[in-house]
>>> print(open('input05.txt').read())   # compact mmCIF, C-alpha atoms and all ligand atoms
# COMPACT_ATOMS: atom_id res chain seq x y z
CA MET V 49 0.00 0.00 0.00
CA ILE V 50 1.23 3.48 -0.84
CA GLU V 51 2.93 5.45 1.96
CA GLY V 52 0.68 7.79 3.95
CA PHE V 53 -2.58 5.91 3.39
CA ARG V 54 -4.43 5.17 6.62
CA PHE V 55 -7.65 3.22 7.13
CA LEU V 56 -9.46 3.57 10.47
CA PRO V 57 -12.39 1.10 10.34
CA GLU V 58 -15.41 1.89 12.55
CA TYR V 59 -13.86 5.14 13.79
CA PHE V 60 -17.41 6.36 14.48
CA SER V 61 -19.84 4.22 16.51
CA PRO V 62 -23.33 3.53 15.12
CA ALA V 63 -24.76 6.18 17.48
CA GLN V 64 -22.19 8.76 16.32
CA GLN V 65 -22.96 7.85 12.68
CA ARG V 66 -26.69 8.43 13.22
CA ALA V 67 -26.03 11.78 14.89
CA LEU V 68 -23.69 12.86 12.11
CA VAL V 69 -26.14 11.88 9.35
CA SER V 70 -28.94 13.82 11.11
CA GLU V 71 -26.73 16.87 11.46
CA VAL V 72 -25.64 16.75 7.82
CA LEU V 73 -29.24 16.24 6.58
CA ALA V 74 -30.34 19.29 8.60
CA LEU V 75 -27.48 21.40 7.16
CA LEU V 76 -28.40 20.35 3.61
CA GLU V 77 -31.75 22.15 3.93
CA ASP V 78 -29.95 25.51 3.63
CA CYS V 79 -27.08 24.20 1.57
CA PRO V 80 -28.72 21.84 -0.92
CA LEU V 81 -27.15 19.05 -2.93
CA TYR V 82 -26.77 19.93 -6.59
CA ARG V 83 -25.34 18.16 -9.61
CA GLY V 84 -22.04 19.53 -10.86
CA ALA V 85 -20.60 18.89 -14.30
CA MET V 86 -17.32 17.83 -15.85
CA PRO V 87 -14.97 20.60 -17.00
CA ARG V 88 -15.04 21.27 -20.79
CA THR V 89 -17.67 18.68 -21.71
CA GLY V 90 -20.31 19.70 -19.16
CA THR V 91 -21.25 16.03 -18.65
CA PRO V 92 -23.29 15.81 -15.42
CA LEU V 93 -21.47 14.19 -12.49
CA SER V 94 -22.76 10.82 -11.29
CA VAL V 95 -22.59 12.00 -7.67
CA ARG V 96 -24.49 15.03 -6.35
CA ASN V 97 -22.58 17.20 -3.92
CA THR V 98 -22.48 20.27 -1.74
CA ASN V 99 -20.00 21.66 0.78
CA LEU V 100 -19.69 22.83 4.37
CA GLY V 101 -17.06 25.27 5.58
CA PRO V 102 -15.65 28.63 4.45
CA LEU V 103 -14.71 27.18 1.06
CA GLY V 104 -16.34 24.59 -1.16
CA TRP V 105 -15.15 22.52 -4.11
CA VAL V 106 -17.08 23.16 -7.31
CA SER V 107 -16.89 21.46 -10.71
CA ASP V 108 -18.60 22.89 -13.77
CA ILE V 109 -17.95 23.36 -17.46
CA LYS V 110 -15.36 26.07 -16.64
CA GLY V 111 -13.27 23.79 -14.43
CA TYR V 112 -12.60 22.80 -10.81
CA ARG V 113 -12.17 25.42 -8.10
CA TYR V 114 -12.85 26.36 -4.49
CA GLN V 115 -15.30 29.17 -3.80
CA PRO V 116 -17.00 30.67 -0.71
CA ALA V 117 -20.59 30.44 -1.97
CA HIS V 118 -23.01 27.77 -3.19
CA PRO V 119 -23.26 27.98 -7.01
CA GLU V 120 -27.06 27.71 -7.04
CA THR V 121 -28.19 29.62 -3.93
CA GLY V 122 -25.34 32.17 -3.97
CA ARG V 123 -25.18 31.89 -0.18
CA ALA V 124 -22.23 30.89 2.02
CA TRP V 125 -21.86 27.16 2.61
CA GLY V 126 -23.03 25.82 6.01
CA PRO V 127 -20.69 25.20 8.96
CA ILE V 128 -18.48 22.12 9.33
CA PRO V 129 -19.94 19.98 12.17
CA GLN V 130 -17.86 20.00 15.37
CA THR V 131 -17.56 16.19 15.23
CA LEU V 132 -15.64 16.56 11.97
CA LEU V 133 -13.42 19.38 13.29
CA ASP V 134 -12.59 17.07 16.22
CA LEU V 135 -11.83 14.22 13.80
CA TRP V 136 -9.43 16.46 11.85
CA GLU V 137 -7.72 17.51 15.07
CA ASP V 138 -7.39 13.86 16.09
CA VAL V 139 -6.01 12.37 12.87
CA SER V 140 -4.68 15.01 10.46
CA GLY V 141 -1.48 16.03 12.23
CA TYR V 142 -1.97 19.39 10.50
CA PRO V 143 -1.53 22.67 12.42
CA ALA V 144 -4.60 24.46 11.02
CA PRO V 145 -8.29 23.51 10.67
CA PRO V 146 -9.93 22.23 7.48
CA GLN V 147 -11.52 24.85 5.24
CA ALA V 148 -13.77 22.64 3.16
CA CYS V 149 -15.92 19.61 3.77
CA LEU V 150 -17.09 18.21 0.45
CA VAL V 151 -20.35 16.27 0.83
CA ASN V 152 -20.68 13.63 -1.88
CA TRP V 153 -24.05 11.88 -2.09
CA TYR V 154 -24.16 8.49 -3.83
CA GLU V 155 -27.38 6.91 -5.07
CA ALA V 156 -27.67 3.22 -5.95
CA THR V 157 -25.87 3.53 -9.29
CA SER V 158 -23.50 6.42 -8.54
CA LYS V 159 -19.76 6.03 -9.00
CA LEU V 160 -16.69 8.24 -8.97
CA GLY V 161 -13.99 7.82 -11.59
CA LEU V 162 -10.31 7.46 -10.81
CA HIS V 163 -8.95 10.90 -9.88
CA ILE V 164 -6.36 12.78 -7.83
CA ASP V 165 -7.38 15.51 -5.38
CA ALA V 166 -5.15 18.28 -6.72
CA ASP V 167 -7.08 21.55 -6.43
CA GLU V 168 -5.73 22.49 -2.99
CA SER V 169 -2.63 24.66 -2.61
CA ALA V 170 -1.96 23.29 0.92
CA ARG V 171 -0.28 20.26 -0.63
CA ASP V 172 1.15 19.01 2.65
CA ALA V 173 -2.25 18.67 4.35
CA PRO V 174 -3.93 15.27 4.19
CA VAL V 175 -7.48 14.69 2.97
CA VAL V 176 -9.58 12.98 5.65
CA SER V 177 -12.68 11.09 4.53
CA VAL V 178 -15.70 9.71 6.40
CA SER V 179 -18.07 7.12 4.93
CA LEU V 180 -21.71 6.96 6.05
CA GLY V 181 -24.50 4.66 4.87
CA SER V 182 -24.10 2.01 2.20
CA ARG V 183 -20.76 0.32 1.65
CA ALA V 184 -18.57 1.37 -1.26
CA LEU V 185 -15.96 -0.40 -3.35
CA PHE V 186 -13.02 2.02 -3.08
CA ARG V 187 -10.04 1.69 -5.42
CA LEU V 188 -6.64 3.10 -4.56
CA GLY V 189 -3.76 3.24 -7.00
CA GLY V 190 -0.51 5.11 -7.20
CA LEU V 191 0.95 8.31 -8.54
CA GLU V 192 0.19 7.49 -12.17
CA ARG V 193 -3.13 6.63 -13.73
CA LYS V 194 -1.67 3.34 -14.95
CA SER V 195 -0.22 2.39 -11.54
CA PRO V 196 -1.58 -0.89 -10.14
CA THR V 197 -4.61 -0.49 -7.89
CA SER V 198 -6.10 -2.36 -4.96
CA SER V 199 -9.72 -2.35 -3.88
CA MET V 200 -11.33 -2.32 -0.47
CA ARG V 201 -14.83 -1.94 0.90
CA LEU V 202 -15.54 1.17 2.93
CA ALA V 203 -18.36 0.79 5.44
CA SER V 204 -20.35 3.29 7.46
CA GLY V 205 -18.25 4.91 10.17
CA ASP V 206 -14.93 4.14 8.48
CA VAL V 207 -12.33 6.90 8.10
CA VAL V 208 -9.72 7.03 5.33
CA ILE V 209 -6.76 9.40 5.31
CA LEU V 210 -4.76 10.24 2.22
CA GLY V 211 -1.57 11.83 3.49
CA GLY V 212 2.09 11.68 2.56
CA GLN V 213 2.65 10.06 -0.83
CA SER V 214 -0.93 8.82 -1.00
CA ARG V 215 -2.17 12.43 -1.03
CA ARG V 216 -1.32 12.44 -4.75
CA ALA V 217 -2.51 8.92 -5.50
CA TYR V 218 -5.28 8.05 -7.93
CA HIS V 219 -8.45 6.75 -6.29
CA GLY V 220 -12.14 6.32 -7.03
CA VAL V 221 -15.36 4.54 -6.15
CA ASP V 222 -16.36 1.74 -8.54
CA ARG V 223 -19.78 1.08 -7.01
CA ILE V 224 -21.82 1.17 -3.87
CA TYR V 225 -23.83 -1.67 -2.32
CA PRO V 226 -27.20 0.02 -1.85
CA GLU V 227 -28.75 -2.82 0.18
CA SER V 228 -25.98 -2.73 2.77
CA SER V 229 -27.27 0.03 5.06
CA THR V 230 -30.44 1.95 5.91
CA LEU V 231 -28.64 4.83 7.61
CA VAL V 232 -28.85 7.21 4.64
CA PRO V 233 -32.25 7.71 2.91
CA ASP V 234 -32.92 5.34 -0.02
CA GLY V 235 -29.90 3.15 0.76
CA GLY V 236 -27.54 5.92 -0.32
CA ARG V 237 -24.05 6.72 0.79
CA ILE V 238 -22.57 9.98 2.02
CA ASN V 239 -18.85 10.60 1.80
CA LEU V 240 -17.48 13.61 3.64
CA THR V 241 -13.97 14.78 2.76
CA LEU V 242 -12.21 17.35 4.91
CA ARG V 243 -9.62 19.48 3.17
CA ARG V 244 -7.23 22.30 3.92
CA VAL V 245 -7.23 24.42 0.76
CA THR V 246 -4.73 27.23 1.41
CA ALA V 247 -1.55 27.10 3.49
CA PRO V 248 -2.12 28.69 6.93
C1 LIG H 301 -15.46 8.44 -1.69
N1 LIG H 301 -13.40 9.62 -1.79
O1 LIG H 301 -15.03 7.71 -0.79
C2 LIG H 301 -14.54 9.27 -2.51
N2 LIG H 301 -10.53 11.71 -1.81
O2 LIG H 301 -16.64 8.51 -1.98
C3 LIG H 301 -12.44 10.41 -2.28
O3 LIG H 301 -12.46 10.83 -3.41
C4 LIG H 301 -11.33 10.75 -1.40
O4 LIG H 301 -11.87 9.10 0.25
C5 LIG H 301 -9.49 12.07 -1.08
C6 LIG H 301 -9.21 11.47 0.12
C7 LIG H 301 -10.01 10.47 0.59
C8 LIG H 301 -11.09 10.08 -0.17
FE FE H 302 -10.83 12.13 -3.90
>>> encode(input="input05.txt", output="structure tokens")
Amino acid sequence: MIEGFRFLPEYFSPAQQRALVSEVLALLEDCPLYRGAMPRTGTPLSVRNTNLGPLGWVSDIKGYRYQPAHPETGRAWGPIPQTLLDLWEDVSGYPAPPQACLVNWYEATSKLGLHIDADESARDAPVVSVSLGSRALFRLGGLERKSPTSSMRLASGDVVILGGQSRRAYHGVDRIYPESSTLVPDGGRINLTLRRVTAP
């Protein structure tokens, strides 16, 4: 496995997972999920998303970027839940708080192609990810798109950290298993990724 990758299974208890899902669902009322698009082609993304925090990751026909406001409502994104700020403090080893929490919402057939998270200028900060709801088949490769990959199932409450070398590794979600959990409405899956965008 590539250096800097960490997997913390069942970091959050079932009760903590339920509380976190409720909190995120409540925040989404003011900060709704929307469907972004691929740069250049404008092809709709398979996964709907929104963000919490002072900055949010946006993808549309013009490209990828971080911005302080929701592209559809024009309002600031909601706050990052304290549970997630505590998680970052516990596992990131980074001397400043996260600025963005990307909320990715997977439906039964959603998937996420192999990609690198490369839109942050704080390149030394890890990305910390929380899985909630249905299990996902997560694929992690190396620094090149053609690098060999290995697959693992991410279950509700699991935390994944891409730090060190793995921060620049290709990864994606091949499928979810929509029958595997009832925590998220309609057997969906929520993935929360905490990111530091700018150097402190
Ligand atoms: C997902 N995760 O689990 C997609 N990125 O749905 C990511 O793309 C990801 O888990 C950076 C770091 C950790 C991740
Ligand atoms: Fe990613």
>>> atom_distance(input="input05.txt", atom1="atom CA of Gly189 of chain V", atom2="atom CA of Thr157 of chain V")
22.2 Å
>>> residues_near_ligand(input="input05.txt", ligand="ligand LIG 301 (chain H)", cutoff="7 Å", atoms="all atoms listed in the file", output="ChimeraX atom specification")
/V:152,160,165,175-177,179,186,208-210,219-221,239,241
>>> residues_around(input="input05.txt", residues="segment 198-200 of chain V", least_positions_apart="4", cutoff="9 Å", atoms="all atoms listed in the file", output="PyMOL selection string")
chain V and resi 49+184-189
>>> atom_distance(input="input05.txt", atom1="atom CA of Ser214 of chain V", atom2="atom CA of Ser182 of chain V")
24.4 Å
>>> residues_around(input="input05.txt", residues="Ile109 of chain V", least_positions_apart="3", cutoff="10 Å", atoms="all atoms listed in the file", output="NGL selection string")
:V and (84-92 or 112)
>>> residues_around(input="input05.txt", residues="Gly235 of chain V", least_positions_apart="4", cutoff="8 Å", atoms="all atoms listed in the file", output="list in words")
Glu155, Ala156, Gly181, Ser182, Pro226, Glu227, Ser228, Ser229, Thr230 and Leu231 of chain V
>>> residues_around(input="input05.txt", residues="Pro62 of chain V", least_positions_apart="2", cutoff="10 Å", atoms="all atoms listed in the file", output="PyMOL selection string")
chain V and resi 58-60+64-68+180+204-205+231
>>> residues_around(input="input05.txt", residues="Ser158 of chain V", least_positions_apart="5", cutoff="7 Å", atoms="only C-alpha atoms", output="number ranges by chain")
V: 94-95, 223
>>> closest_residue(input="input05.txt", among="V:Pro196, V:Pro129, V:Gly111, V:Pro102", to="Ser70 of chain V", atoms="all atoms listed in the file")
V:Pro129
>>> closest_residue(input="input05.txt", among="V:Val72, V:Leu162, V:Val106, V:Val139", to="ligand FE 302 (chain H)", atoms="all atoms listed in the file")
V:Leu162
>>> build_atoms(input="input05.txt", residues="segment 57-68 of chain V", atoms="all heavy atoms", output="PDB file, keeping the file's coordinate frame")
ATOM      1  N   PRO V  57     -11.039   1.676  10.428  1.00  0.00           N
ATOM      2  CA  PRO V  57     -12.390   1.100  10.340  1.00  0.00           C
ATOM      3  C   PRO V  57     -13.192   1.392  11.600  1.00  0.00           C
ATOM      4  O   PRO V  57     -12.635   1.401  12.710  1.00  0.00           O
ATOM      5  CB  PRO V  57     -12.133  -0.405  10.170  1.00  0.00           C
ATOM      6  CG  PRO V  57     -10.748  -0.646  10.646  1.00  0.00           C
ATOM      7  CD  PRO V  57      -9.989   0.647  10.464  1.00  0.00           C
ATOM      8  N   GLU V  58     -14.479   1.654  11.424  1.00  0.00           N
ATOM      9  CA  GLU V  58     -15.410   1.890  12.550  1.00  0.00           C
ATOM     10  C   GLU V  58     -14.893   2.962  13.506  1.00  0.00           C
ATOM     11  O   GLU V  58     -15.022   2.835  14.715  1.00  0.00           O
ATOM     12  CB  GLU V  58     -15.664   0.579  13.309  1.00  0.00           C
ATOM     13  CG  GLU V  58     -16.344  -0.477  12.460  1.00  0.00           C
ATOM     14  CD  GLU V  58     -16.536  -1.788  13.222  1.00  0.00           C
ATOM     15  OE1 GLU V  58     -17.243  -1.788  14.233  1.00  0.00           O
ATOM     16  OE2 GLU V  58     -15.960  -2.803  12.784  1.00  0.00           O
ATOM     17  N   TYR V  59     -14.309   4.011  12.939  1.00  0.00           N
ATOM     18  CA  TYR V  59     -13.860   5.140  13.790  1.00  0.00           C
ATOM     19  C   TYR V  59     -15.065   5.711  14.543  1.00  0.00           C
ATOM     20  O   TYR V  59     -14.960   6.041  15.724  1.00  0.00           O
ATOM     21  CB  TYR V  59     -13.213   6.217  12.918  1.00  0.00           C
ATOM     22  CG  TYR V  59     -12.711   7.409  13.696  1.00  0.00           C
ATOM     23  CD1 TYR V  59     -11.390   7.494  14.122  1.00  0.00           C
ATOM     24  CD2 TYR V  59     -13.577   8.465  14.013  1.00  0.00           C
ATOM     25  CE1 TYR V  59     -10.939   8.583  14.848  1.00  0.00           C
ATOM     26  CE2 TYR V  59     -13.124   9.558  14.746  1.00  0.00           C
ATOM     27  CZ  TYR V  59     -11.805   9.606  15.154  1.00  0.00           C
ATOM     28  OH  TYR V  59     -11.355  10.692  15.876  1.00  0.00           O
ATOM     29  N   PHE V  60     -16.200   5.842  13.852  1.00  0.00           N
ATOM     30  CA  PHE V  60     -17.410   6.360  14.480  1.00  0.00           C
ATOM     31  C   PHE V  60     -18.349   5.200  14.840  1.00  0.00           C
ATOM     32  O   PHE V  60     -18.581   4.305  14.016  1.00  0.00           O
ATOM     33  CB  PHE V  60     -18.129   7.337  13.550  1.00  0.00           C
ATOM     34  CG  PHE V  60     -17.399   8.637  13.368  1.00  0.00           C
ATOM     35  CD1 PHE V  60     -16.828   8.966  12.140  1.00  0.00           C
ATOM     36  CD2 PHE V  60     -17.268   9.537  14.420  1.00  0.00           C
ATOM     37  CE1 PHE V  60     -16.147  10.164  11.967  1.00  0.00           C
ATOM     38  CE2 PHE V  60     -16.583  10.741  14.258  1.00  0.00           C
ATOM     39  CZ  PHE V  60     -16.027  11.049  13.039  1.00  0.00           C
ATOM     40  N   SER V  61     -18.882   5.236  16.059  1.00  0.00           N
ATOM     41  CA  SER V  61     -19.840   4.220  16.510  1.00  0.00           C
ATOM     42  C   SER V  61     -21.155   4.400  15.754  1.00  0.00           C
ATOM     43  O   SER V  61     -21.421   5.476  15.197  1.00  0.00           O
ATOM     44  CB  SER V  61     -20.101   4.383  18.002  1.00  0.00           C
ATOM     45  OG  SER V  61     -20.828   5.583  18.222  1.00  0.00           O
ATOM     46  N   PRO V  62     -22.021   3.367  15.755  1.00  0.00           N
ATOM     47  CA  PRO V  62     -23.330   3.530  15.120  1.00  0.00           C
ATOM     48  C   PRO V  62     -24.103   4.746  15.644  1.00  0.00           C
ATOM     49  O   PRO V  62     -24.728   5.473  14.858  1.00  0.00           O
ATOM     50  CB  PRO V  62     -24.047   2.208  15.437  1.00  0.00           C
ATOM     51  CG  PRO V  62     -22.910   1.212  15.500  1.00  0.00           C
ATOM     52  CD  PRO V  62     -21.779   1.960  16.166  1.00  0.00           C
ATOM     53  N   ALA V  63     -24.043   5.016  16.938  1.00  0.00           N
ATOM     54  CA  ALA V  63     -24.760   6.180  17.480  1.00  0.00           C
ATOM     55  C   ALA V  63     -24.156   7.487  16.943  1.00  0.00           C
ATOM     56  O   ALA V  63     -24.883   8.419  16.585  1.00  0.00           O
ATOM     57  CB  ALA V  63     -24.719   6.165  19.005  1.00  0.00           C
ATOM     58  N   GLN V  64     -22.845   7.556  16.875  1.00  0.00           N
ATOM     59  CA  GLN V  64     -22.190   8.760  16.320  1.00  0.00           C
ATOM     60  C   GLN V  64     -22.536   8.921  14.832  1.00  0.00           C
ATOM     61  O   GLN V  64     -22.723  10.035  14.347  1.00  0.00           O
ATOM     62  CB  GLN V  64     -20.677   8.657  16.480  1.00  0.00           C
ATOM     63  CG  GLN V  64     -20.190   8.825  17.916  1.00  0.00           C
ATOM     64  CD  GLN V  64     -18.692   8.572  18.028  1.00  0.00           C
ATOM     65  OE1 GLN V  64     -18.179   7.550  17.555  1.00  0.00           O
ATOM     66  NE2 GLN V  64     -17.979   9.502  18.647  1.00  0.00           N
ATOM     67  N   GLN V  65     -22.605   7.792  14.110  1.00  0.00           N
ATOM     68  CA  GLN V  65     -22.960   7.850  12.680  1.00  0.00           C
ATOM     69  C   GLN V  65     -24.366   8.412  12.496  1.00  0.00           C
ATOM     70  O   GLN V  65     -24.593   9.267  11.632  1.00  0.00           O
ATOM     71  CB  GLN V  65     -22.901   6.455  12.057  1.00  0.00           C
ATOM     72  CG  GLN V  65     -21.505   5.842  12.013  1.00  0.00           C
ATOM     73  CD  GLN V  65     -21.561   4.365  11.690  1.00  0.00           C
ATOM     74  OE1 GLN V  65     -22.403   3.906  10.913  1.00  0.00           O
ATOM     75  NE2 GLN V  65     -20.693   3.590  12.291  1.00  0.00           N
ATOM     76  N   ARG V  66     -25.303   7.940  13.331  1.00  0.00           N
ATOM     77  CA  ARG V  66     -26.690   8.430  13.220  1.00  0.00           C
ATOM     78  C   ARG V  66     -26.742   9.925  13.507  1.00  0.00           C
ATOM     79  O   ARG V  66     -27.415  10.679  12.799  1.00  0.00           O
ATOM     80  CB  ARG V  66     -27.608   7.683  14.207  1.00  0.00           C
ATOM     81  CG  ARG V  66     -27.960   6.277  13.746  1.00  0.00           C
ATOM     82  CD  ARG V  66     -29.104   5.687  14.562  1.00  0.00           C
ATOM     83  NE  ARG V  66     -28.728   5.453  15.963  1.00  0.00           N
ATOM     84  CZ  ARG V  66     -28.127   4.347  16.410  1.00  0.00           C
ATOM     85  NH1 ARG V  66     -27.841   3.356  15.577  1.00  0.00           N
ATOM     86  NH2 ARG V  66     -27.827   4.225  17.686  1.00  0.00           N
ATOM     87  N   ALA V  67     -26.026  10.355  14.533  1.00  0.00           N
ATOM     88  CA  ALA V  67     -26.030  11.780  14.890  1.00  0.00           C
ATOM     89  C   ALA V  67     -25.426  12.622  13.766  1.00  0.00           C
ATOM     90  O   ALA V  67     -25.933  13.697  13.425  1.00  0.00           O
ATOM     91  CB  ALA V  67     -25.268  11.991  16.195  1.00  0.00           C
ATOM     92  N   LEU V  68     -24.364  12.118  13.179  1.00  0.00           N
ATOM     93  CA  LEU V  68     -23.690  12.860  12.110  1.00  0.00           C
ATOM     94  C   LEU V  68     -24.578  12.953  10.857  1.00  0.00           C
ATOM     95  O   LEU V  68     -24.686  14.017  10.230  1.00  0.00           O
ATOM     96  CB  LEU V  68     -22.342  12.187  11.801  1.00  0.00           C
ATOM     97  CG  LEU V  68     -21.318  12.923  10.959  1.00  0.00           C
ATOM     98  CD1 LEU V  68     -21.081  14.353  11.427  1.00  0.00           C
ATOM     99  CD2 LEU V  68     -19.983  12.140  10.975  1.00  0.00           C
TER     100      LEU V  68
END
